[in-house]
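See structure below.
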Amino acid sequence: MDEKQRIEQLRRELHEHNHRYYVLNEPSISDQDFDFLMHELQDLEARHSELADPNSPTQRVGSDLQTGFRQVAHRYPMLSLANTYSEADVREWYESVKKGLAGEDFEVCCEMKYDGLSISLTYVDGRLTQAVTRGDGVQGDDVTQNVKTIRAIPLVLPGKGYPHEFEIRGEILMPWASFERLNAEREAAEEPLFANPRNAASGTLKSLDSRVVAQRELDAYLYYLLGENLPADGHFENLAAARSWGFKISEGMRKVKTVEEIVEFINYWDKERKNLPVATDGIVLKVNSLRQQRSLGYTAKSPRWAIAYKFKAEREMTRLLEVTYQVGRTGAVTPVANMEPVQLAGTTVRRATLNNEDFIRSFDLHIGDMVYVEKGGEIIPKIVGVNIDERPIICQPVQFIKRCPECGTPLVRYEGEAAWYCPNDAGCPPQIKGRIEHFIARKAMNIDSLGPETVNEYYQRHLIKNVADLYTIDVQQINGDGSRTKSAQRIVNGIQKSKEVPFERVVFALGIRFIGETSAKLLARHFKNIDALMNAGLEDLQEVEGIGEIMAKSIITYFHNPENLAIVNRLREYGLQMELANQDAVSSTKLEGQSIVISGVFAHHSRDEYKLMIEQNGGKNVGSISNKTSFILAGENMGPSKLVKAQKLGIRIINEDEFLEMIE
């Protein structure tokens, strides 16, 4: 491969990694590996100026912009920092600063690099007026309402002496304790786990429901003050003033003068950071004087007066003893590596997920192998490599099982799926108990008096073998020896109260494979009642926005299973809500027969609320524009491709005020 081909390959890879990191919040490589690829591309482009491309990953800051939030331009651009993993680069940066200041004395402020979501907060007269994410560095998402739920960020400053208007920047974080609790909840509900606290914080702050943000207990550390009439020329001194105004400023800051003091600071926090309540991934070094910062200036992408030193991921080597297999609610079989205990990031690690059969094959894993283990985001153990040189002479390759480890049923692998599944959903104990646990979960039937341990106990005692059986148990059956009458009554009351849960959550609670909370709501609002959903064909189901062929086939398979039908009919008999409540049903025919596309960001109501209004007035929500589209309900930042297509087809575009007047 010549250098031109390598440049093109690197650009493609880095664009994809940027998208996964900033948009999907699903990074597939480490920060260090990403930085190495970026540095390689920068070096190649420097040698081949004739191949310059304004859209190269080296010419932009990765974006975390999403639809659903208003975009706001930054008063001061939020550039990324140059970063390094080596002490030599830190020394080189220090010398470049010294040269840039022509030998003038300078101080360096050393501070923690927190691993969260960058935020810019604007205060006017001591009151928070706006919170904007970094976005693409030039503009970001206005997340003010969500940020107001974070208790570490003051809404009104309790201190005094602050400027009339200023901006303070920092990092939104999810503490380890909140992260572990959230992932435990998601694991119990068989939802995808967040890889690390940074992804969890980002996903939370981008939620369109500020109540979700409040529940997840985010934290924030502030680290940079901007504006006119700041208290001092020193960055360190300005943050000290900000702390007195009521802001949460890290205590782990130090002002130094020599490169040896910088190295000492780095080495101290490389170990001590493991005792912090939040995730950190490095150290930030800044020239302390704002005057000197202005003198040093910026490159095209980053300030010359600052650099980030990033810690290497902690990695250890240990022996793979065996591979066991877990069966989840949906029947998915997950291989788990059982290893000799090893200390990693402050905890003892014995087990690590192996994801699926393809993952095992990619490493050519053998029992007895010495494997390298890291913690993704320093919390989720994962195998990242194998030391082939240490492989025992006699050892067996890991072979993925062919039968369910719980019930012995031959496993199946569906087209397009990486996982193997046990198809015996009616007779496999982990699937049965998993579906019951899913059914009682907070986002489903919300029977909070029950938990996994109780479900397991009732299953072992043969009180329940499916979700419908919950509605037949009574206090006497639960009470057993008579020692827990009050708790038994509370459980029965909770089960009875769940009959009030609305229809869309009942659909979600059924646990149909591939149908999550959002798709269940869309299905419920489209079909209105359980009978219409049960009798829907493949084309009917795919008319629902967001329901693809795989999901549609899964729904049909579920309702063609006699045992599932029997359970649904029993739930109906016991009084569960099997149709939309009156307030969700059609209230007028003003939009009857009309197919409507929604696009853009709205001021008065959310997109989901407008979709519900369309349905309540007899209209139909569609995701794409065609000659059958009646009109487009357009907010700000309507997609340019949709606008062009609408104009080409001559489709009417109305704003939200016109729409609200239309339905009155």
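Chains: A, B, ... in order of the structure tokens. Residues: from 1 per chain. Ligands: from 1, in order shown.
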
For range 105-119 of chain A, find every residue with an atom within 6 Å (counting only C-alpha atoms), except residues of its own chain fewer than 5 positions away, and show them as a list in words.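 With the cut-off at 6 Å, the set is Val132, Thr133, Arg134, Arg169, Gly170, Glu171, Ile172, Leu173, Arg198, Ser202, Met253, Arg254, Lys255, Val256, Lys257, Ala279, Thr280, Asp281, Gly282, Ile283, Val284, Leu285, Lys286, Val287 and Asn288 of chain A.
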
Select from range 13-206 of chain A everything DSSP, run on the backbone, classes as strand (DSSP E), then give the selection as number ranges by chain. A: 71-73, 83-84, 108-114, 117-124, 127-133, 139-141, 165-173

So that I have them on file, write out the residues from the current selection with N, CA, C and O atoms, as a short mmCIF file (atom, residue, chain, number, x, y, z; two decimals), in the first residue's frame.
data_model
loop_
_atom_site.label_atom_id
_atom_site.label_comp_id
_atom_site.auth_asym_id
_atom_site.auth_seq_id
_atom_site.Cartn_x
_atom_site.Cartn_y
_atom_site.Cartn_z
N GLN A 71 -28.92 24.33 18.37
CA GLN A 71 -27.47 24.57 18.29
C GLN A 71 -27.17 26.05 18.56
O GLN A 71 -27.87 26.94 18.09
N VAL A 72 -26.11 26.25 19.34
CA VAL A 72 -25.70 27.60 19.74
C VAL A 72 -24.23 27.78 19.41
O VAL A 72 -23.40 26.91 19.69
N ALA A 73 -23.89 28.92 18.82
CA ALA A 73 -22.49 29.21 18.49
C ALA A 73 -21.73 29.58 19.75
O ALA A 73 -22.23 30.30 20.62
N ASN A 83 -2.35 16.13 22.60
CA ASN A 83 -2.13 15.20 23.70
C ASN A 83 -0.96 14.26 23.42
O ASN A 83 -0.52 14.10 22.28
N THR A 84 -0.49 13.66 24.49
CA THR A 84 0.66 12.77 24.40
C THR A 84 0.56 11.70 25.46
O THR A 84 -0.18 11.83 26.44
N VAL A 108 3.36 26.80 35.28
CA VAL A 108 2.44 25.84 34.66
C VAL A 108 1.44 25.37 35.70
O VAL A 108 1.82 25.00 36.82
N CYS A 109 0.18 25.41 35.33
CA CYS A 109 -0.88 24.89 36.21
C CYS A 109 -1.13 23.43 35.81
O CYS A 109 -1.49 23.15 34.66
N CYS A 110 -0.92 22.52 36.74
CA CYS A 110 -1.16 21.10 36.50
C CYS A 110 -2.52 20.73 37.11
O CYS A 110 -2.79 21.05 38.28
N GLU A 111 -3.36 20.05 36.33
CA GLU A 111 -4.69 19.70 36.83
C GLU A 111 -5.15 18.38 36.24
O GLU A 111 -4.59 17.90 35.25
N MET A 112 -6.18 17.80 36.83
CA MET A 112 -6.68 16.52 36.37
C MET A 112 -7.43 16.68 35.04
O MET A 112 -8.09 17.68 34.81
N LYS A 113 -7.31 15.66 34.20
CA LYS A 113 -8.11 15.60 32.97
C LYS A 113 -9.27 14.64 33.23
O LYS A 113 -9.09 13.42 33.24
N TYR A 114 -10.44 15.20 33.44
CA TYR A 114 -11.61 14.38 33.76
C TYR A 114 -12.20 13.80 32.48
O TYR A 114 -12.24 14.45 31.44
N LEU A 117 -18.06 14.77 29.60
CA LEU A 117 -18.56 15.53 28.45
C LEU A 117 -18.28 17.01 28.69
O LEU A 117 -18.72 17.58 29.69
N SER A 118 -17.56 17.64 27.77
CA SER A 118 -17.20 19.05 27.94
C SER A 118 -18.45 19.93 27.89
O SER A 118 -19.33 19.73 27.07
N ILE A 119 -18.47 20.94 28.75
CA ILE A 119 -19.63 21.84 28.84
C ILE A 119 -19.15 23.27 29.02
O ILE A 119 -18.11 23.52 29.62
N SER A 120 -19.90 24.20 28.46
CA SER A 120 -19.62 25.62 28.63
C SER A 120 -20.83 26.27 29.28
O SER A 120 -21.94 26.19 28.75
N LEU A 121 -20.63 26.91 30.43
CA LEU A 121 -21.71 27.52 31.19
C LEU A 121 -21.57 29.04 31.14
O LEU A 121 -20.48 29.57 31.38
N THR A 122 -22.65 29.73 30.85
CA THR A 122 -22.64 31.19 30.84
C THR A 122 -23.46 31.71 32.01
O THR A 122 -24.59 31.25 32.24
N TYR A 123 -22.88 32.67 32.73
CA TYR A 123 -23.55 33.31 33.87
C TYR A 123 -23.66 34.80 33.63
O TYR A 123 -22.70 35.44 33.18
N VAL A 124 -24.83 35.34 33.90
CA VAL A 124 -25.06 36.78 33.83
C VAL A 124 -25.63 37.22 35.18
O VAL A 124 -26.63 36.66 35.65
N ARG A 127 -26.33 34.38 37.62
CA ARG A 127 -27.35 33.37 37.33
C ARG A 127 -26.98 32.59 36.07
O ARG A 127 -26.55 33.18 35.08
N LEU A 128 -27.18 31.27 36.12
CA LEU A 128 -26.92 30.44 34.96
C LEU A 128 -27.93 30.76 33.85
O LEU A 128 -29.13 30.68 34.06
N THR A 129 -27.43 31.14 32.69
CA THR A 129 -28.33 31.48 31.58
C THR A 129 -28.26 30.50 30.42
O THR A 129 -29.21 30.37 29.66
N GLN A 130 -27.12 29.78 30.31
CA GLN A 130 -27.01 28.86 29.18
C GLN A 130 -25.93 27.81 29.44
O GLN A 130 -24.90 28.11 30.04
N ALA A 131 -26.20 26.59 28.98
CA ALA A 131 -25.22 25.50 29.05
C ALA A 131 -25.16 24.85 27.68
O ALA A 131 -26.17 24.41 27.14
N VAL A 132 -23.94 24.81 27.12
CA VAL A 132 -23.77 24.34 25.74
C VAL A 132 -22.65 23.30 25.69
O VAL A 132 -21.59 23.51 26.28
N THR A 133 -22.89 22.18 25.00
CA THR A 133 -21.85 21.17 24.84
C THR A 133 -20.78 21.66 23.87
O THR A 133 -20.97 22.62 23.15
N GLN A 139 -19.88 25.36 17.39
CA GLN A 139 -21.21 25.43 17.98
C GLN A 139 -21.52 24.11 18.66
O GLN A 139 -20.95 23.07 18.33
N GLY A 140 -22.43 24.17 19.64
CA GLY A 140 -22.78 22.97 20.38
C GLY A 140 -24.26 22.92 20.69
O GLY A 140 -25.03 23.83 20.32
N ASP A 141 -24.69 21.86 21.39
CA ASP A 141 -26.09 21.69 21.75
C ASP A 141 -26.43 22.47 23.01
O ASP A 141 -25.69 22.42 24.00
N GLU A 165 -20.78 39.34 33.46
CA GLU A 165 -21.02 38.19 32.57
C GLU A 165 -19.71 37.45 32.35
O GLU A 165 -18.66 38.07 32.14
N PHE A 166 -19.78 36.13 32.42
CA PHE A 166 -18.58 35.33 32.17
C PHE A 166 -18.99 33.92 31.76
O PHE A 166 -20.15 33.51 31.88
N GLU A 167 -18.01 33.19 31.27
CA GLU A 167 -18.22 31.80 30.84
C GLU A 167 -17.26 30.94 31.65
O GLU A 167 -16.10 31.29 31.84
N ILE A 168 -17.74 29.80 32.11
CA ILE A 168 -16.88 28.85 32.81
C ILE A 168 -17.07 27.48 32.18
O ILE A 168 -18.20 27.07 31.90
N ARG A 169 -15.97 26.81 31.91
CA ARG A 169 -16.02 25.52 31.23
C ARG A 169 -15.58 24.40 32.16
O ARG A 169 -14.80 24.61 33.09
N GLY A 170 -16.08 23.23 31.86
CA GLY A 170 -15.73 22.09 32.68
C GLY A 170 -16.18 20.80 32.05
O GLY A 170 -16.39 20.70 30.84
N GLU A 171 -16.34 19.80 32.90
CA GLU A 171 -16.67 18.46 32.43
C GLU A 171 -17.85 17.92 33.22
O GLU A 171 -17.88 17.99 34.46
N ILE A 172 -18.85 17.41 32.50
CA ILE A 172 -19.97 16.71 33.13
C ILE A 172 -19.56 15.25 33.29
O ILE A 172 -19.14 14.61 32.32
N LEU A 173 -19.72 14.72 34.49
CA LEU A 173 -19.22 13.38 34.79
C LEU A 173 -20.30 12.54 35.45
O LEU A 173 -21.20 13.06 36.11
#

Could you pull the residues within 9 Å of Phe194 in chain A, counting only C-alpha atoms, minus those fewer than 3 positions along the same chain, as a ChimeraX atom specification? /A:25-26,179,182-183,186,197-200,203

Include all heavy atoms and write out the residues we just selected as a PDB file, in the first residue's frame.
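Listing of result.pdb after writing:
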ATOM      1  N   ASN A  25     -21.680   7.249  20.766  1.00  0.00           N
ATOM      2  CA  ASN A  25     -21.184   6.966  22.115  1.00  0.00           C
ATOM      3  C   ASN A  25     -20.824   5.490  22.269  1.00  0.00           C
ATOM      4  O   ASN A  25     -21.056   4.877  23.306  1.00  0.00           O
ATOM      5  CB  ASN A  25     -22.222   7.364  23.180  1.00  0.00           C
ATOM      6  CG  ASN A  25     -22.419   8.858  23.245  1.00  0.00           C
ATOM      7  OD1 ASN A  25     -21.446   9.610  23.190  1.00  0.00           O
ATOM      8  ND2 ASN A  25     -23.667   9.288  23.338  1.00  0.00           N
ATOM      9  N   GLU A  26     -20.262   4.907  21.191  1.00  0.00           N
ATOM     10  CA  GLU A  26     -19.869   3.506  21.199  1.00  0.00           C
ATOM     11  C   GLU A  26     -18.459   3.366  20.628  1.00  0.00           C
ATOM     12  O   GLU A  26     -18.248   2.812  19.553  1.00  0.00           O
ATOM     13  CB  GLU A  26     -20.839   2.665  20.364  1.00  0.00           C
ATOM     14  CG  GLU A  26     -22.247   2.612  20.925  1.00  0.00           C
ATOM     15  CD  GLU A  26     -23.201   1.889  19.975  1.00  0.00           C
ATOM     16  OE1 GLU A  26     -22.762   1.494  18.864  1.00  0.00           O
ATOM     17  OE2 GLU A  26     -24.363   1.738  20.347  1.00  0.00           O
ATOM     18  N   PHE A 179     -22.510   5.193  38.111  1.00  0.00           N
ATOM     19  CA  PHE A 179     -22.289   4.376  36.920  1.00  0.00           C
ATOM     20  C   PHE A 179     -22.543   2.901  37.199  1.00  0.00           C
ATOM     21  O   PHE A 179     -23.229   2.206  36.433  1.00  0.00           O
ATOM     22  CB  PHE A 179     -20.855   4.589  36.428  1.00  0.00           C
ATOM     23  CG  PHE A 179     -20.445   3.679  35.302  1.00  0.00           C
ATOM     24  CD1 PHE A 179     -20.961   3.856  34.035  1.00  0.00           C
ATOM     25  CD2 PHE A 179     -19.541   2.655  35.514  1.00  0.00           C
ATOM     26  CE1 PHE A 179     -20.581   3.027  32.988  1.00  0.00           C
ATOM     27  CE2 PHE A 179     -19.156   1.826  34.479  1.00  0.00           C
ATOM     28  CZ  PHE A 179     -19.677   2.011  33.215  1.00  0.00           C
ATOM     29  N   LEU A 182     -26.272   2.321  37.650  1.00  0.00           N
ATOM     30  CA  LEU A 182     -26.984   2.394  36.382  1.00  0.00           C
ATOM     31  C   LEU A 182     -26.757   1.132  35.556  1.00  0.00           C
ATOM     32  O   LEU A 182     -27.704   0.558  35.001  1.00  0.00           O
ATOM     33  CB  LEU A 182     -26.514   3.623  35.594  1.00  0.00           C
ATOM     34  CG  LEU A 182     -27.059   3.784  34.175  1.00  0.00           C
ATOM     35  CD1 LEU A 182     -28.580   3.927  34.201  1.00  0.00           C
ATOM     36  CD2 LEU A 182     -26.426   4.994  33.499  1.00  0.00           C
ATOM     37  N   ASN A 183     -25.516   0.673  35.473  1.00  0.00           N
ATOM     38  CA  ASN A 183     -25.241  -0.531  34.691  1.00  0.00           C
ATOM     39  C   ASN A 183     -25.875  -1.770  35.317  1.00  0.00           C
ATOM     40  O   ASN A 183     -26.285  -2.688  34.607  1.00  0.00           O
ATOM     41  CB  ASN A 183     -23.734  -0.726  34.524  1.00  0.00           C
ATOM     42  CG  ASN A 183     -23.242  -0.252  33.164  1.00  0.00           C
ATOM     43  OD1 ASN A 183     -24.030   0.172  32.315  1.00  0.00           O
ATOM     44  ND2 ASN A 183     -21.950  -0.318  32.948  1.00  0.00           N
ATOM     45  N   ARG A 186     -29.384  -1.690  34.167  1.00  0.00           N
ATOM     46  CA  ARG A 186     -29.488  -2.029  32.747  1.00  0.00           C
ATOM     47  C   ARG A 186     -29.226  -3.525  32.527  1.00  0.00           C
ATOM     48  O   ARG A 186     -29.862  -4.156  31.681  1.00  0.00           O
ATOM     49  CB  ARG A 186     -28.505  -1.188  31.925  1.00  0.00           C
ATOM     50  CG  ARG A 186     -28.843   0.293  31.934  1.00  0.00           C
ATOM     51  CD  ARG A 186     -27.784   1.116  31.213  1.00  0.00           C
ATOM     52  NE  ARG A 186     -27.831   0.934  29.783  1.00  0.00           N
ATOM     53  CZ  ARG A 186     -28.610   1.636  28.969  1.00  0.00           C
ATOM     54  NH1 ARG A 186     -29.419   2.559  29.448  1.00  0.00           N
ATOM     55  NH2 ARG A 186     -28.580   1.428  27.666  1.00  0.00           N
ATOM     56  N   PRO A 197     -17.985   5.469  32.272  1.00  0.00           N
ATOM     57  CA  PRO A 197     -18.752   6.611  32.779  1.00  0.00           C
ATOM     58  C   PRO A 197     -18.867   7.765  31.790  1.00  0.00           C
ATOM     59  O   PRO A 197     -19.856   8.492  31.812  1.00  0.00           O
ATOM     60  CB  PRO A 197     -17.969   7.032  34.030  1.00  0.00           C
ATOM     61  CG  PRO A 197     -17.257   5.801  34.468  1.00  0.00           C
ATOM     62  CD  PRO A 197     -16.890   5.092  33.192  1.00  0.00           C
ATOM     63  N   ARG A 198     -17.865   7.931  30.915  1.00  0.00           N
ATOM     64  CA  ARG A 198     -17.935   9.025  29.940  1.00  0.00           C
ATOM     65  C   ARG A 198     -19.126   8.822  29.001  1.00  0.00           C
ATOM     66  O   ARG A 198     -19.902   9.730  28.756  1.00  0.00           O
ATOM     67  CB  ARG A 198     -16.622   9.082  29.142  1.00  0.00           C
ATOM     68  CG  ARG A 198     -16.520  10.304  28.228  1.00  0.00           C
ATOM     69  CD  ARG A 198     -16.960   9.989  26.826  1.00  0.00           C
ATOM     70  NE  ARG A 198     -17.111  11.218  26.050  1.00  0.00           N
ATOM     71  CZ  ARG A 198     -17.834  11.325  24.957  1.00  0.00           C
ATOM     72  NH1 ARG A 198     -18.504  10.289  24.492  1.00  0.00           N
ATOM     73  NH2 ARG A 198     -17.918  12.465  24.323  1.00  0.00           N
ATOM     74  N   ASN A 199     -19.268   7.610  28.470  1.00  0.00           N
ATOM     75  CA  ASN A 199     -20.389   7.318  27.585  1.00  0.00           C
ATOM     76  C   ASN A 199     -21.714   7.466  28.311  1.00  0.00           C
ATOM     77  O   ASN A 199     -22.698   7.955  27.758  1.00  0.00           O
ATOM     78  CB  ASN A 199     -20.269   5.895  27.035  1.00  0.00           C
ATOM     79  CG  ASN A 199     -19.198   5.776  25.977  1.00  0.00           C
ATOM     80  OD1 ASN A 199     -18.365   6.662  25.839  1.00  0.00           O
ATOM     81  ND2 ASN A 199     -19.201   4.690  25.240  1.00  0.00           N
ATOM     82  N   ALA A 200     -21.738   7.010  29.566  1.00  0.00           N
ATOM     83  CA  ALA A 200     -22.971   7.107  30.347  1.00  0.00           C
ATOM     84  C   ALA A 200     -23.350   8.565  30.588  1.00  0.00           C
ATOM     85  O   ALA A 200     -24.524   8.945  30.480  1.00  0.00           O
ATOM     86  CB  ALA A 200     -22.805   6.378  31.674  1.00  0.00           C
ATOM     87  N   GLY A 203     -24.528  10.063  27.167  1.00  0.00           N
ATOM     88  CA  GLY A 203     -25.853   9.581  26.816  1.00  0.00           C
ATOM     89  C   GLY A 203     -26.937  10.175  27.691  1.00  0.00           C
ATOM     90  O   GLY A 203     -28.044  10.471  27.236  1.00  0.00           O
TER      91      GLY A 203
END

Nearest candidate to Glu261 in chain A (options A:Tyr162, A:Tyr94, A:Phe559, A:Tyr372; using only C-alpha atoms): A:Tyr94

Leaving out range 396-405 of chain A and any residue of its chain fewer than 4 positions from it, which residues lie within 9 Å of it when counting only C-alpha atoms, given as number ranges by chain? A: 322-327, 331, 333, 335, 356-357, 360-361, 364-368, 409-412, 420-422, 424, 428

Those selected residues, please, written with N, CA, C and O atoms and delivered as a tab-separated table (two decimals), in the first residue's frame.
chain	number	residue	atom	x	y	z
A	322	GLU	N	-11.05	-21.38	32.16
A	322	GLU	CA	-12.16	-22.04	31.46
A	322	GLU	C	-13.10	-20.98	30.89
A	322	GLU	O	-13.02	-19.80	31.26
A	323	VAL	N	-13.97	-21.42	30.01
A	323	VAL	CA	-15.01	-20.55	29.47
A	323	VAL	C	-16.36	-21.13	29.84
A	323	VAL	O	-16.63	-22.31	29.57
A	324	THR	N	-17.18	-20.33	30.51
A	324	THR	CA	-18.54	-20.75	30.85
A	324	THR	C	-19.52	-19.92	30.03
A	324	THR	O	-19.13	-18.95	29.36
A	325	TYR	N	-20.80	-20.28	30.11
A	325	TYR	CA	-21.78	-19.64	29.24
A	325	TYR	C	-23.01	-19.24	30.04
A	325	TYR	O	-23.50	-20.01	30.88
A	326	GLN	N	-23.50	-18.02	29.79
A	326	GLN	CA	-24.69	-17.50	30.45
A	326	GLN	C	-25.81	-17.33	29.44
A	326	GLN	O	-25.58	-16.93	28.30
A	327	VAL	N	-27.03	-17.64	29.88
A	327	VAL	CA	-28.21	-17.49	29.02
A	327	VAL	C	-29.05	-16.34	29.54
A	327	VAL	O	-29.42	-16.31	30.72
A	331	GLY	N	-32.64	-15.40	25.42
A	331	GLY	CA	-32.05	-16.64	24.95
A	331	GLY	C	-30.64	-16.48	24.42
A	331	GLY	O	-30.01	-17.47	24.05
A	333	VAL	N	-26.83	-16.39	24.25
A	333	VAL	CA	-25.83	-17.11	25.04
A	333	VAL	C	-24.52	-16.32	25.00
A	333	VAL	O	-23.97	-16.08	23.92
A	335	PRO	N	-20.56	-16.03	26.20
A	335	PRO	CA	-19.41	-16.72	26.79
A	335	PRO	C	-18.69	-15.81	27.79
A	335	PRO	O	-18.59	-14.60	27.59
A	356	ASN	N	-18.99	-12.96	22.01
A	356	ASN	CA	-19.65	-13.93	21.14
A	356	ASN	C	-18.61	-14.85	20.50
A	356	ASN	O	-17.41	-14.72	20.74
A	357	GLU	N	-19.08	-15.78	19.66
A	357	GLU	CA	-18.18	-16.75	19.04
A	357	GLU	C	-17.14	-16.08	18.15
A	357	GLU	O	-15.97	-16.47	18.14
A	360	ILE	N	-14.22	-14.79	20.14
A	360	ILE	CA	-13.33	-15.88	20.57
A	360	ILE	C	-12.41	-16.29	19.42
A	360	ILE	O	-11.20	-16.47	19.58
A	361	ARG	N	-12.99	-16.42	18.23
A	361	ARG	CA	-12.19	-16.84	17.07
A	361	ARG	C	-11.15	-15.79	16.69
A	361	ARG	O	-10.06	-16.12	16.23
A	364	ASP	N	-8.24	-16.56	18.61
A	364	ASP	CA	-7.82	-17.97	18.59
A	364	ASP	C	-7.55	-18.45	20.03
A	364	ASP	O	-6.50	-19.02	20.34
A	365	LEU	N	-8.51	-18.23	20.89
A	365	LEU	CA	-8.33	-18.53	22.31
A	365	LEU	C	-8.21	-20.02	22.58
A	365	LEU	O	-8.95	-20.84	22.01
A	366	HIS	N	-7.27	-20.37	23.49
A	366	HIS	CA	-7.11	-21.74	23.97
A	366	HIS	C	-7.21	-21.73	25.49
A	366	HIS	O	-6.79	-20.77	26.15
A	367	ILE	N	-7.76	-22.80	26.04
A	367	ILE	CA	-7.78	-22.94	27.50
A	367	ILE	C	-6.34	-23.04	28.00
A	367	ILE	O	-5.54	-23.84	27.48
A	368	GLY	N	-5.98	-22.25	28.99
A	368	GLY	CA	-4.61	-22.21	29.50
A	368	GLY	C	-3.80	-21.07	28.94
A	368	GLY	O	-2.66	-20.83	29.38
A	409	THR	N	-31.09	-27.58	24.77
A	409	THR	CA	-31.66	-27.38	23.44
A	409	THR	C	-30.57	-26.94	22.45
A	409	THR	O	-29.73	-26.10	22.79
A	410	PRO	N	-30.56	-27.50	21.22
A	410	PRO	CA	-29.58	-27.03	20.21
A	410	PRO	C	-29.71	-25.53	19.98
A	410	PRO	O	-30.82	-25.01	19.83
A	411	LEU	N	-28.58	-24.83	19.92
A	411	LEU	CA	-28.58	-23.38	19.74
A	411	LEU	C	-28.80	-23.03	18.27
A	411	LEU	O	-28.50	-23.81	17.37
A	412	VAL	N	-29.30	-21.82	18.03
A	412	VAL	CA	-29.50	-21.32	16.67
A	412	VAL	C	-28.85	-19.95	16.56
A	412	VAL	O	-28.67	-19.24	17.56
A	420	TRP	N	-25.42	-16.51	19.48
A	420	TRP	CA	-26.18	-17.75	19.39
A	420	TRP	C	-27.30	-17.68	20.41
A	420	TRP	O	-27.15	-17.11	21.49
A	421	TYR	N	-28.45	-18.30	20.06
A	421	TYR	CA	-29.63	-18.23	20.93
A	421	TYR	C	-30.14	-19.63	21.26
A	421	TYR	O	-30.05	-20.56	20.44
A	422	CYS	N	-30.71	-19.75	22.45
A	422	CYS	CA	-31.48	-20.94	22.81
A	422	CYS	C	-32.92	-20.66	22.42
A	422	CYS	O	-33.54	-19.74	22.96
A	424	ASN	N	-35.56	-22.36	23.05
A	424	ASN	CA	-36.54	-22.94	23.96
A	424	ASN	C	-37.01	-21.90	24.98
A	424	ASN	O	-36.79	-22.03	26.18
A	428	CYS	N	-36.75	-22.93	29.06
A	428	CYS	CA	-35.38	-22.70	29.54
A	428	CYS	C	-35.43	-21.81	30.78
A	428	CYS	O	-35.86	-20.65	30.70

With only C-alpha atoms as the counted atoms, please give the residues lying no more than 9 Å from Ser624 in chain A, apart from itself and same-chain residues fewer than 5 positions off, as a PDB file with N, CA, C and O atoms, in the first residue's frame.
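Here's the written file selection.pdb:
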ATOM      1  N   VAL A 597     -44.819  13.953   7.703  1.00  0.00           N
ATOM      2  CA  VAL A 597     -43.404  13.799   8.060  1.00  0.00           C
ATOM      3  C   VAL A 597     -43.028  14.916   9.031  1.00  0.00           C
ATOM      4  O   VAL A 597     -43.380  16.080   8.813  1.00  0.00           O
ATOM      5  N   THR A 629     -46.926  11.848   0.712  1.00  0.00           N
ATOM      6  CA  THR A 629     -46.846  12.695   1.905  1.00  0.00           C
ATOM      7  C   THR A 629     -47.810  13.875   1.766  1.00  0.00           C
ATOM      8  O   THR A 629     -47.802  14.575   0.746  1.00  0.00           O
ATOM      9  N   LYS A 642     -34.259  16.560   3.023  1.00  0.00           N
ATOM     10  CA  LYS A 642     -35.723  16.514   3.064  1.00  0.00           C
ATOM     11  C   LYS A 642     -36.317  17.775   2.426  1.00  0.00           C
ATOM     12  O   LYS A 642     -37.329  17.711   1.727  1.00  0.00           O
TER      13      LYS A 642
END

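Using only C-alpha atoms, the shortest contact distance between Asp448 in chain A and any of A:Gln496, A:Asn355, A:Asn529, A:Ser49 is found at A:Gln496.
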
Residues flagged helix (DSSP H, G or I) by DSSP in range 116-266 of chain A, as a PyMOL selection string: chain A and resi 144-147+176-188+197-205+210-215+235-245+259-266
